[in-house]
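Asks: Contents of start-v3.cif (mmCIF, C-alpha atoms and all ligand atoms):
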```
data_run
#
loop_
_atom_site.group_PDB
_atom_site.id
_atom_site.type_symbol
_atom_site.label_atom_id
_atom_site.label_comp_id
_atom_site.auth_asym_id
_atom_site.auth_seq_id
_atom_site.Cartn_x
_atom_site.Cartn_y
_atom_site.Cartn_z
ATOM 1 C CA MET A 9 0.000 0.000 0.000
ATOM 2 C CA GLU A 10 2.804 2.341 1.013
ATOM 3 C CA ASN A 11 4.596 1.329 -2.166
ATOM 4 C CA TYR A 12 1.551 2.215 -4.215
ATOM 5 C CA SER A 13 1.193 5.700 -2.741
ATOM 6 C CA ARG A 14 4.904 6.376 -3.170
ATOM 7 C CA ARG A 15 4.639 5.266 -6.793
ATOM 8 C CA GLY A 16 1.589 7.440 -7.180
ATOM 9 C CA PHE A 17 3.468 10.402 -5.773
ATOM 10 C CA ILE A 18 6.477 9.825 -8.020
ATOM 11 C CA GLY A 19 4.172 9.385 -10.999
ATOM 12 C CA LYS A 20 2.419 12.683 -10.283
ATOM 13 C CA ALA A 21 5.725 14.488 -9.720
ATOM 14 C CA VAL A 22 7.153 13.188 -13.005
ATOM 15 C CA GLY A 23 3.906 14.139 -14.744
ATOM 16 C CA ALA A 24 4.052 17.666 -13.304
ATOM 17 C CA VAL A 25 7.684 18.122 -14.395
ATOM 18 C CA ALA A 26 6.816 16.865 -17.891
ATOM 19 C CA ALA A 27 3.846 19.266 -18.093
ATOM 20 C CA VAL A 28 6.013 22.233 -17.054
ATOM 21 C CA GLY A 29 8.610 21.186 -19.646
ATOM 22 C CA ALA A 30 5.940 20.914 -22.335
ATOM 23 C CA ILE A 31 4.544 24.377 -21.529
ATOM 24 C CA ALA A 32 8.070 25.846 -21.553
ATOM 25 C CA SER A 33 8.854 24.336 -24.937
ATOM 26 C CA LEU A 34 5.491 25.454 -26.371
ATOM 27 C CA THR A 35 6.203 28.984 -25.148
ATOM 28 C CA ALA A 36 9.655 28.850 -26.765
ATOM 29 C CA MET A 37 8.137 27.547 -30.012
ATOM 30 C CA LYS A 38 5.502 30.314 -30.052
ATOM 31 C CA LYS A 39 8.251 32.902 -29.603
ATOM 32 C CA THR A 40 9.969 31.410 -32.654
ATOM 33 C CA TRP A 41 6.795 31.620 -34.738
ATOM 34 C CA ASP A 42 5.875 35.174 -33.733
ATOM 35 C CA PRO A 43 7.496 37.900 -35.830
ATOM 36 C CA LEU A 44 10.044 39.961 -33.914
ATOM 37 C CA ALA A 45 8.983 43.427 -32.824
ATOM 38 C CA SER A 46 11.759 44.853 -35.015
ATOM 39 C CA THR A 47 10.407 42.951 -38.034
ATOM 40 C CA LYS A 48 6.924 44.366 -37.498
ATOM 41 C CA ALA A 49 8.334 47.887 -37.404
ATOM 42 C CA ALA A 50 10.724 47.329 -40.324
ATOM 43 C CA GLY A 51 8.273 48.529 -42.973
ATOM 44 C CA PHE A 52 7.995 51.995 -41.433
ATOM 45 C CA THR A 53 10.503 54.776 -41.020
ATOM 46 C CA THR A 54 9.594 57.908 -39.106
ATOM 47 C CA LEU A 55 11.375 61.125 -40.029
ATOM 48 C CA ASP A 56 11.453 64.170 -37.789
ATOM 49 C CA MET A 57 10.983 66.913 -40.374
ATOM 50 C CA SER A 58 12.090 69.689 -38.008
ATOM 51 C CA ILE A 59 15.767 68.668 -38.298
ATOM 52 C CA TYR A 60 16.260 69.419 -42.013
ATOM 53 C CA LYS A 61 17.809 72.631 -43.254
ATOM 54 C CA GLU A 62 16.537 74.578 -46.239
ATOM 55 C CA GLY A 63 18.338 73.818 -49.481
ATOM 56 C CA GLU A 64 20.394 70.952 -47.992
ATOM 57 C CA MET A 65 20.011 67.464 -49.375
ATOM 58 C CA ALA A 66 19.747 64.597 -46.922
ATOM 59 C CA VAL A 67 19.573 60.907 -47.740
ATOM 60 C CA GLU A 68 17.533 58.673 -45.477
ATOM 61 C CA LYS A 69 16.790 54.979 -45.804
ATOM 62 C CA TRP A 70 13.451 53.187 -46.097
ATOM 63 C CA ARG A 71 13.126 49.468 -46.800
ATOM 64 C CA GLY A 72 16.736 49.456 -47.968
ATOM 65 C CA LYS A 73 16.169 52.238 -50.506
ATOM 66 C CA PRO A 74 17.729 55.707 -50.448
ATOM 67 C CA ILE A 75 15.192 58.436 -49.733
ATOM 68 C CA PHE A 76 16.089 61.941 -50.864
ATOM 69 C CA VAL A 77 14.885 64.666 -48.512
ATOM 70 C CA LEU A 78 15.300 68.230 -49.737
ATOM 71 C CA LYS A 79 13.678 71.032 -47.793
ATOM 72 C CA GLN A 80 12.807 73.724 -50.306
ATOM 73 C CA THR A 81 13.855 77.316 -49.784
ATOM 74 C CA SER A 82 11.192 79.947 -50.455
ATOM 75 C CA GLU A 83 13.121 80.790 -53.667
ATOM 76 C CA MET A 84 12.992 77.176 -54.801
ATOM 77 C CA LEU A 85 9.252 76.995 -54.159
ATOM 78 C CA LYS A 86 8.703 80.180 -56.171
ATOM 79 C CA THR A 87 10.294 78.701 -59.290
ATOM 80 C CA LEU A 88 8.058 75.605 -59.345
ATOM 81 C CA THR A 89 5.165 75.290 -61.750
ATOM 82 C CA ALA A 90 1.756 74.207 -60.422
ATOM 83 C CA LYS A 91 2.445 70.668 -61.663
ATOM 84 C CA GLN A 92 5.865 70.527 -60.007
ATOM 85 C CA LYS A 93 4.344 71.827 -56.752
ATOM 86 C CA GLU A 94 2.066 68.792 -56.688
ATOM 87 C CA ARG A 95 5.186 66.706 -56.041
ATOM 88 C CA ILE A 96 6.124 68.708 -52.954
ATOM 89 C CA VAL A 97 5.184 67.337 -49.527
ATOM 90 C CA MET A 98 3.945 70.167 -47.322
ATOM 91 C CA VAL A 99 4.572 69.658 -43.605
ATOM 92 C CA GLY A 100 2.898 72.649 -42.012
ATOM 93 C CA ASP A 101 4.002 75.535 -44.221
ATOM 94 C CA GLU A 102 7.334 73.929 -45.166
ATOM 95 C CA GLY A 103 7.793 72.168 -48.482
ATOM 96 C CA PHE A 104 9.909 69.066 -49.007
ATOM 97 C CA LEU A 105 11.019 66.880 -51.863
ATOM 98 C CA ILE A 106 10.599 63.326 -50.524
ATOM 99 C CA ASN A 107 11.621 60.908 -53.242
ATOM 100 C CA ILE A 108 12.988 57.420 -53.682
ATOM 101 C CA GLY A 109 16.505 58.281 -54.841
ATOM 102 C CA ILE A 110 16.675 55.734 -57.629
ATOM 103 C CA CYS A 111 16.708 56.755 -61.277
ATOM 104 C CA THR A 112 13.497 55.683 -63.011
ATOM 105 C CA HIS A 113 15.518 54.753 -66.115
ATOM 106 C CA LEU A 114 17.701 51.831 -65.049
ATOM 107 C CA GLY A 115 18.076 52.289 -61.313
ATOM 108 C CA CYS A 116 21.276 54.275 -60.783
ATOM 109 C CA ILE A 117 21.482 56.724 -57.902
ATOM 110 C CA PRO A 118 21.543 60.316 -59.175
ATOM 111 C CA ALA A 119 23.629 62.995 -57.458
ATOM 112 C CA TYR A 120 22.236 66.289 -56.210
ATOM 113 C CA ARG A 121 24.011 69.375 -57.546
ATOM 114 C CA SER A 122 23.476 72.210 -55.086
ATOM 115 C CA GLN A 123 24.749 74.884 -57.512
ATOM 116 C CA SER A 124 22.121 74.176 -60.130
ATOM 117 C CA GLU A 125 19.608 72.690 -57.650
ATOM 118 C CA ASP A 126 18.999 69.600 -59.753
ATOM 119 C CA PHE A 127 19.890 65.916 -59.910
ATOM 120 C CA LEU A 128 22.172 64.351 -62.492
ATOM 121 C CA CYS A 129 22.186 60.626 -63.113
ATOM 122 C CA PRO A 130 25.751 59.474 -63.845
ATOM 123 C CA CYS A 131 24.693 56.457 -65.900
ATOM 124 C CA HIS A 132 23.051 58.001 -68.989
ATOM 125 C CA GLY A 133 22.859 61.717 -68.174
ATOM 126 C CA GLY A 134 19.202 61.836 -67.077
ATOM 127 C CA MET A 135 18.266 64.909 -65.047
ATOM 128 C CA TYR A 136 15.635 65.848 -62.473
ATOM 129 C CA ASP A 137 14.700 69.243 -61.060
ATOM 130 C CA HIS A 138 14.462 70.114 -57.343
ATOM 131 C CA SER A 139 10.866 68.854 -57.211
ATOM 132 C CA GLY A 140 12.089 65.459 -58.469
ATOM 133 C CA ASP A 141 10.411 65.846 -61.864
ATOM 134 C CA VAL A 142 12.358 64.650 -64.890
ATOM 135 C CA ILE A 143 13.855 67.408 -67.056
ATOM 136 C CA LYS A 144 16.122 65.391 -69.342
ATOM 137 C CA ASP A 145 15.759 61.950 -70.924
ATOM 138 C CA PRO A 146 16.174 59.015 -70.758
ATOM 139 C CA PRO A 147 14.305 58.602 -67.417
ATOM 140 C CA PRO A 148 10.649 58.011 -68.346
ATOM 141 C CA ARG A 149 9.237 59.886 -65.324
ATOM 142 C CA GLY A 150 10.160 61.817 -62.209
ATOM 143 C CA PHE A 151 11.432 60.116 -59.077
ATOM 144 C CA ASP A 152 8.908 57.869 -57.381
ATOM 145 C CA ILE A 153 7.480 59.093 -54.095
ATOM 146 C CA PRO A 154 7.407 56.620 -51.206
ATOM 147 C CA PRO A 155 4.105 56.075 -49.379
ATOM 148 C CA PHE A 156 3.967 58.611 -46.556
ATOM 149 C CA LYS A 157 1.703 59.910 -43.850
ATOM 150 C CA ILE A 158 2.093 63.321 -42.246
ATOM 151 C CA ASP A 159 1.859 63.175 -38.469
ATOM 152 C CA GLY A 160 2.367 66.663 -37.055
ATOM 153 C CA LYS A 161 6.035 67.507 -37.703
ATOM 154 C CA LYS A 162 6.798 63.868 -38.466
ATOM 155 C CA LEU A 163 6.586 61.874 -41.655
ATOM 156 C CA VAL A 164 5.883 58.154 -41.505
ATOM 157 C CA LEU A 165 7.298 56.405 -44.566
ATOM 158 C CA GLY A 166 5.528 53.180 -45.478
ATOM 159 C CA GLU A 167 2.068 54.389 -44.480
ATOM 160 C CA GLU A 168 -0.362 55.897 -47.004
ATOM 161 C CA GLY A 169 -1.866 59.159 -45.760
ATOM 162 C CA PRO A 170 -4.436 61.275 -47.653
ATOM 163 C CA GLU A 171 -1.745 63.536 -49.193
ATOM 164 C CA TYR A 172 0.069 60.537 -50.657
ATOM 165 C CA ARG A 173 -3.155 58.989 -51.972
ATOM 166 C CA LYS A 174 -4.001 62.275 -53.696
ATOM 167 C CA MET A 175 -0.578 62.263 -55.430
ATOM 168 C CA LYS A 176 -1.108 58.692 -56.532
ATOM 169 C CA ASN A 177 -4.612 59.356 -57.828
ATOM 170 C CA ASN A 178 -3.328 62.381 -59.752
ATOM 171 C CA GLY A 179 -0.601 60.288 -61.398
ATOM 172 C CA ILE A 180 2.230 62.194 -59.654
ATOM 173 C CA THR A 181 3.784 58.890 -58.587
ATOM 174 C CA LEU A 182 3.294 55.226 -59.402
HETATM 175 S S1 LIG B 1 19.962 54.940 -65.087
HETATM 176 FE FE1 LIG B 1 19.683 57.076 -64.806
HETATM 177 S S2 LIG B 1 19.769 57.863 -66.824
HETATM 178 FE FE2 LIG B 1 19.955 55.717 -67.082
#
```
Could you render the structure from this file as structure tokens?
Ligand code: FES
Replies:
Amino acid sequence: MENYSRRGFIGKAVGAVAAVGAIASLTAMKKTWDPLASTKAAGFTTLDMSIYKEGEMAVEKWRGKPIFVLKQTSEMLKTLTAKQKERIVMVGDEGFLINIGICTHLGCIPAYRSQSEDFLCPCHGGMYDHSGDVIKDPPPRGFDIPPFKIDGKKLVLGEEGPEYRKMKNNGITL
């Protein structure tokens, strides 16, 4: 009888240890299946638009692509046509070029020329103005604009806000 109860106790103890082990390994497996927090956030890049200086080109990164950020001076804004202005992202009363910095011809990375306030692609001589619109062949169109959402003084790349959707609907970007 004593033997039986001891066996029963040992059996229960072994069972409890096995159950704890099973729960621990299930928890570990679930952690493996769940995407990492960093992976979930990887599609979005938040830019603080208050740090950029007028007329100075900055290159950010979104989903591995270079993102050109060029805060327009009031002089630059004045020279833009109505169509070119449609490409400009207004954050409050400040205008920005926010473009994927990849040539729409064959994918080279154009260089910004601050003297002439334009972009020159080294591969085949394509050119873009300071709104990102194409001004010299062979690129078939202006720079593409990444999906963005304006959030106060911040810009969330990877999220489609109303301003971006309007650009897309108007054929300003693909
Ligand atoms: S890749 Fe830019 S002009 Fe050809």
Asks: Could you give me the residues within 6 Å of ligand LIG 1 (chain B), counting only C-alpha atoms and all ligand atoms, as a CSV table (one decimal) with C-alpha atoms, keeping the file's coordinate frame?
Replies:
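What follows is the written file pocket.csv:
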```
chain,number,residue,atom,x,y,z
A,111,CYS,CA,16.7,56.8,-61.3
A,113,HIS,CA,15.5,54.8,-66.1
A,114,LEU,CA,17.7,51.8,-65.0
A,115,GLY,CA,18.1,52.3,-61.3
A,116,CYS,CA,21.3,54.3,-60.8
A,129,CYS,CA,22.2,60.6,-63.1
A,131,CYS,CA,24.7,56.5,-65.9
A,132,HIS,CA,23.1,58.0,-69.0
A,133,GLY,CA,22.9,61.7,-68.2
A,134,GLY,CA,19.2,61.8,-67.1
A,146,PRO,CA,16.2,59.0,-70.8
A,147,PRO,CA,14.3,58.6,-67.4
```
Asks: Do a neighbour search on region 157-169 of chain A at 8 Å with all atoms listed in the file, toss out local chain neighbours closer than 5 positions, and write the hits as a JSON list (two decimals) with C-alpha atoms, in the coordinates of the input.
Replies:
```json
[["chain", "number", "residue", "atom", "x", "y", "z"],
["A", 51, "GLY", "CA", 8.27, 48.53, -42.97],
["A", 52, "PHE", "CA", 8.00, 52.00, -41.43],
["A", 53, "THR", "CA", 10.50, 54.78, -41.02],
["A", 54, "THR", "CA", 9.59, 57.91, -39.11],
["A", 55, "LEU", "CA", 11.38, 61.12, -40.03],
["A", 56, "ASP", "CA", 11.45, 64.17, -37.79],
["A", 57, "MET", "CA", 10.98, 66.91, -40.37],
["A", 58, "SER", "CA", 12.09, 69.69, -38.01],
["A", 70, "TRP", "CA", 13.45, 53.19, -46.10],
["A", 99, "VAL", "CA", 4.57, 69.66, -43.60],
["A", 100, "GLY", "CA", 2.90, 72.65, -42.01]]
```
Asks: Between A:Pro154, A:Lys144, A:Arg95, A:Asn177, which one has atoms that come closest to Arg71 (chain A), using only C-alpha atoms?
Replies: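 The closest residue to Arg71 (chain A) is A:Pro154.
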Asks: May I ask for the distance between CA of Lys61 (chain A) and CA of Asp126 (chain A), given in Å to one decimal place?
Replies: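 Going from CA of Lys61 (chain A) over to CA of Asp126 (chain A) covers 16.8 Å.
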Asks: Taking the file as shown, find all residues satisfying the PyMOL selection byres (((chain A and resi 137) around 10) and not hetatm) and write them as a PyMOL selection string.
Replies: chain A and resi 88+92+120-121+124-128+135-136+138-144+150-151
Asks: Quick one: apply the PyMOL selection byres (((chain A and resi 153) around 10) and not hetatm) to the file and drop the selected residues here as a PyMOL selection string.
Replies: chain A and resi 75-76+95-97+105-109+140+150-152+154-156+165+172+175-176+180-182
Asks: Could I get region 59-87 of chain A rebuilt with N, CA and C atoms, written as an mmCIF file, keeping the file's coordinate frame?
Replies:
```cif
data_model
loop_
_atom_site.group_PDB
_atom_site.id
_atom_site.type_symbol
_atom_site.label_atom_id
_atom_site.label_comp_id
_atom_site.auth_asym_id
_atom_site.auth_seq_id
_atom_site.Cartn_x
_atom_site.Cartn_y
_atom_site.Cartn_z
ATOM 1 N N ILE A 59 14.294 68.656 -38.355
ATOM 2 C CA ILE A 59 15.767 68.668 -38.298
ATOM 3 C C ILE A 59 16.423 69.102 -39.622
ATOM 4 N N TYR A 60 15.644 69.145 -40.707
ATOM 5 C CA TYR A 60 16.260 69.419 -42.013
ATOM 6 C C TYR A 60 16.433 70.906 -42.270
ATOM 7 N N LYS A 61 17.517 71.222 -42.961
ATOM 8 C CA LYS A 61 17.809 72.631 -43.254
ATOM 9 C C LYS A 61 17.436 72.952 -44.691
ATOM 10 N N GLU A 62 16.949 74.155 -44.898
ATOM 11 C CA GLU A 62 16.537 74.578 -46.239
ATOM 12 C C GLU A 62 17.675 74.453 -47.245
ATOM 13 N N GLY A 63 17.368 73.892 -48.390
ATOM 14 C CA GLY A 63 18.338 73.818 -49.481
ATOM 15 C C GLY A 63 19.402 72.745 -49.315
ATOM 16 N N GLU A 64 19.364 71.984 -48.214
ATOM 17 C CA GLU A 64 20.394 70.952 -47.992
ATOM 18 C C GLU A 64 19.803 69.565 -48.228
ATOM 19 N N MET A 65 20.473 68.812 -49.067
ATOM 20 C CA MET A 65 20.011 67.464 -49.375
ATOM 21 C C MET A 65 20.400 66.501 -48.263
ATOM 22 N N ALA A 66 19.453 65.662 -47.891
ATOM 23 C CA ALA A 66 19.747 64.597 -46.922
ATOM 24 C C ALA A 66 19.286 63.286 -47.545
ATOM 25 N N VAL A 67 19.978 62.221 -47.222
ATOM 26 C CA VAL A 67 19.573 60.907 -47.740
ATOM 27 C C VAL A 67 19.229 60.008 -46.558
ATOM 28 N N GLU A 68 17.993 59.590 -46.521
ATOM 29 C CA GLU A 68 17.533 58.673 -45.477
ATOM 30 C C GLU A 68 17.385 57.290 -46.098
ATOM 31 N N LYS A 69 16.939 56.330 -45.291
ATOM 32 C CA LYS A 69 16.790 54.979 -45.804
ATOM 33 C C LYS A 69 15.421 54.430 -45.423
ATOM 34 N N TRP A 70 14.755 53.832 -46.376
ATOM 35 C CA TRP A 70 13.451 53.187 -46.097
ATOM 36 C C TRP A 70 13.394 51.882 -46.891
ATOM 37 N N ARG A 71 13.161 50.798 -46.181
ATOM 38 C CA ARG A 71 13.126 49.468 -46.800
ATOM 39 C C ARG A 71 14.348 49.233 -47.700
ATOM 40 N N GLY A 72 15.492 49.680 -47.238
ATOM 41 C CA GLY A 72 16.736 49.456 -47.968
ATOM 42 C C GLY A 72 16.955 50.392 -49.143
ATOM 43 N N LYS A 73 16.021 51.327 -49.363
ATOM 44 C CA LYS A 73 16.169 52.238 -50.506
ATOM 45 C C LYS A 73 16.591 53.624 -50.022
ATOM 46 N N PRO A 74 17.373 54.333 -50.847
ATOM 47 C CA PRO A 74 17.729 55.707 -50.448
ATOM 48 C C PRO A 74 16.524 56.628 -50.633
ATOM 49 N N ILE A 75 16.289 57.467 -49.650
ATOM 50 C CA ILE A 75 15.192 58.436 -49.733
ATOM 51 C C ILE A 75 15.795 59.836 -49.714
ATOM 52 N N PHE A 76 15.587 60.565 -50.797
ATOM 53 C CA PHE A 76 16.089 61.941 -50.864
ATOM 54 C C PHE A 76 15.118 62.851 -50.115
ATOM 55 N N VAL A 77 15.691 63.673 -49.241
ATOM 56 C CA VAL A 77 14.885 64.666 -48.512
ATOM 57 C C VAL A 77 15.522 66.021 -48.790
ATOM 58 N N LEU A 78 14.777 66.893 -49.426
ATOM 59 C CA LEU A 78 15.300 68.230 -49.737
ATOM 60 C C LEU A 78 14.261 69.275 -49.336
ATOM 61 N N LYS A 79 14.583 69.965 -48.249
ATOM 62 C CA LYS A 79 13.678 71.032 -47.793
ATOM 63 C C LYS A 79 13.843 72.222 -48.734
ATOM 64 N N GLN A 80 12.762 72.657 -49.309
ATOM 65 C CA GLN A 80 12.807 73.724 -50.306
ATOM 66 C C GLN A 80 12.974 75.093 -49.640
ATOM 67 N N THR A 81 13.777 75.927 -50.248
ATOM 68 C CA THR A 81 13.855 77.316 -49.784
ATOM 69 C C THR A 81 12.643 78.034 -50.390
ATOM 70 N N SER A 82 12.342 79.218 -49.890
ATOM 71 C CA SER A 82 11.192 79.947 -50.455
ATOM 72 C C SER A 82 11.467 80.286 -51.922
ATOM 73 N N GLU A 83 12.760 80.516 -52.265
ATOM 74 C CA GLU A 83 13.121 80.790 -53.667
ATOM 75 C C GLU A 83 12.855 79.570 -54.539
ATOM 76 N N MET A 84 13.208 78.421 -54.032
ATOM 77 C CA MET A 84 12.992 77.176 -54.801
ATOM 78 C C MET A 84 11.498 76.981 -55.051
ATOM 79 N N LEU A 85 10.705 77.190 -54.013
ATOM 80 C CA LEU A 85 9.252 76.995 -54.159
ATOM 81 C C LEU A 85 8.677 77.941 -55.203
ATOM 82 N N LYS A 86 9.227 79.170 -55.229
ATOM 83 C CA LYS A 86 8.703 80.180 -56.171
ATOM 84 C C LYS A 86 8.908 79.780 -57.627
ATOM 85 N N THR A 87 9.990 79.039 -57.890
ATOM 86 C CA THR A 87 10.294 78.701 -59.290
ATOM 87 C C THR A 87 9.499 77.490 -59.801
#
```
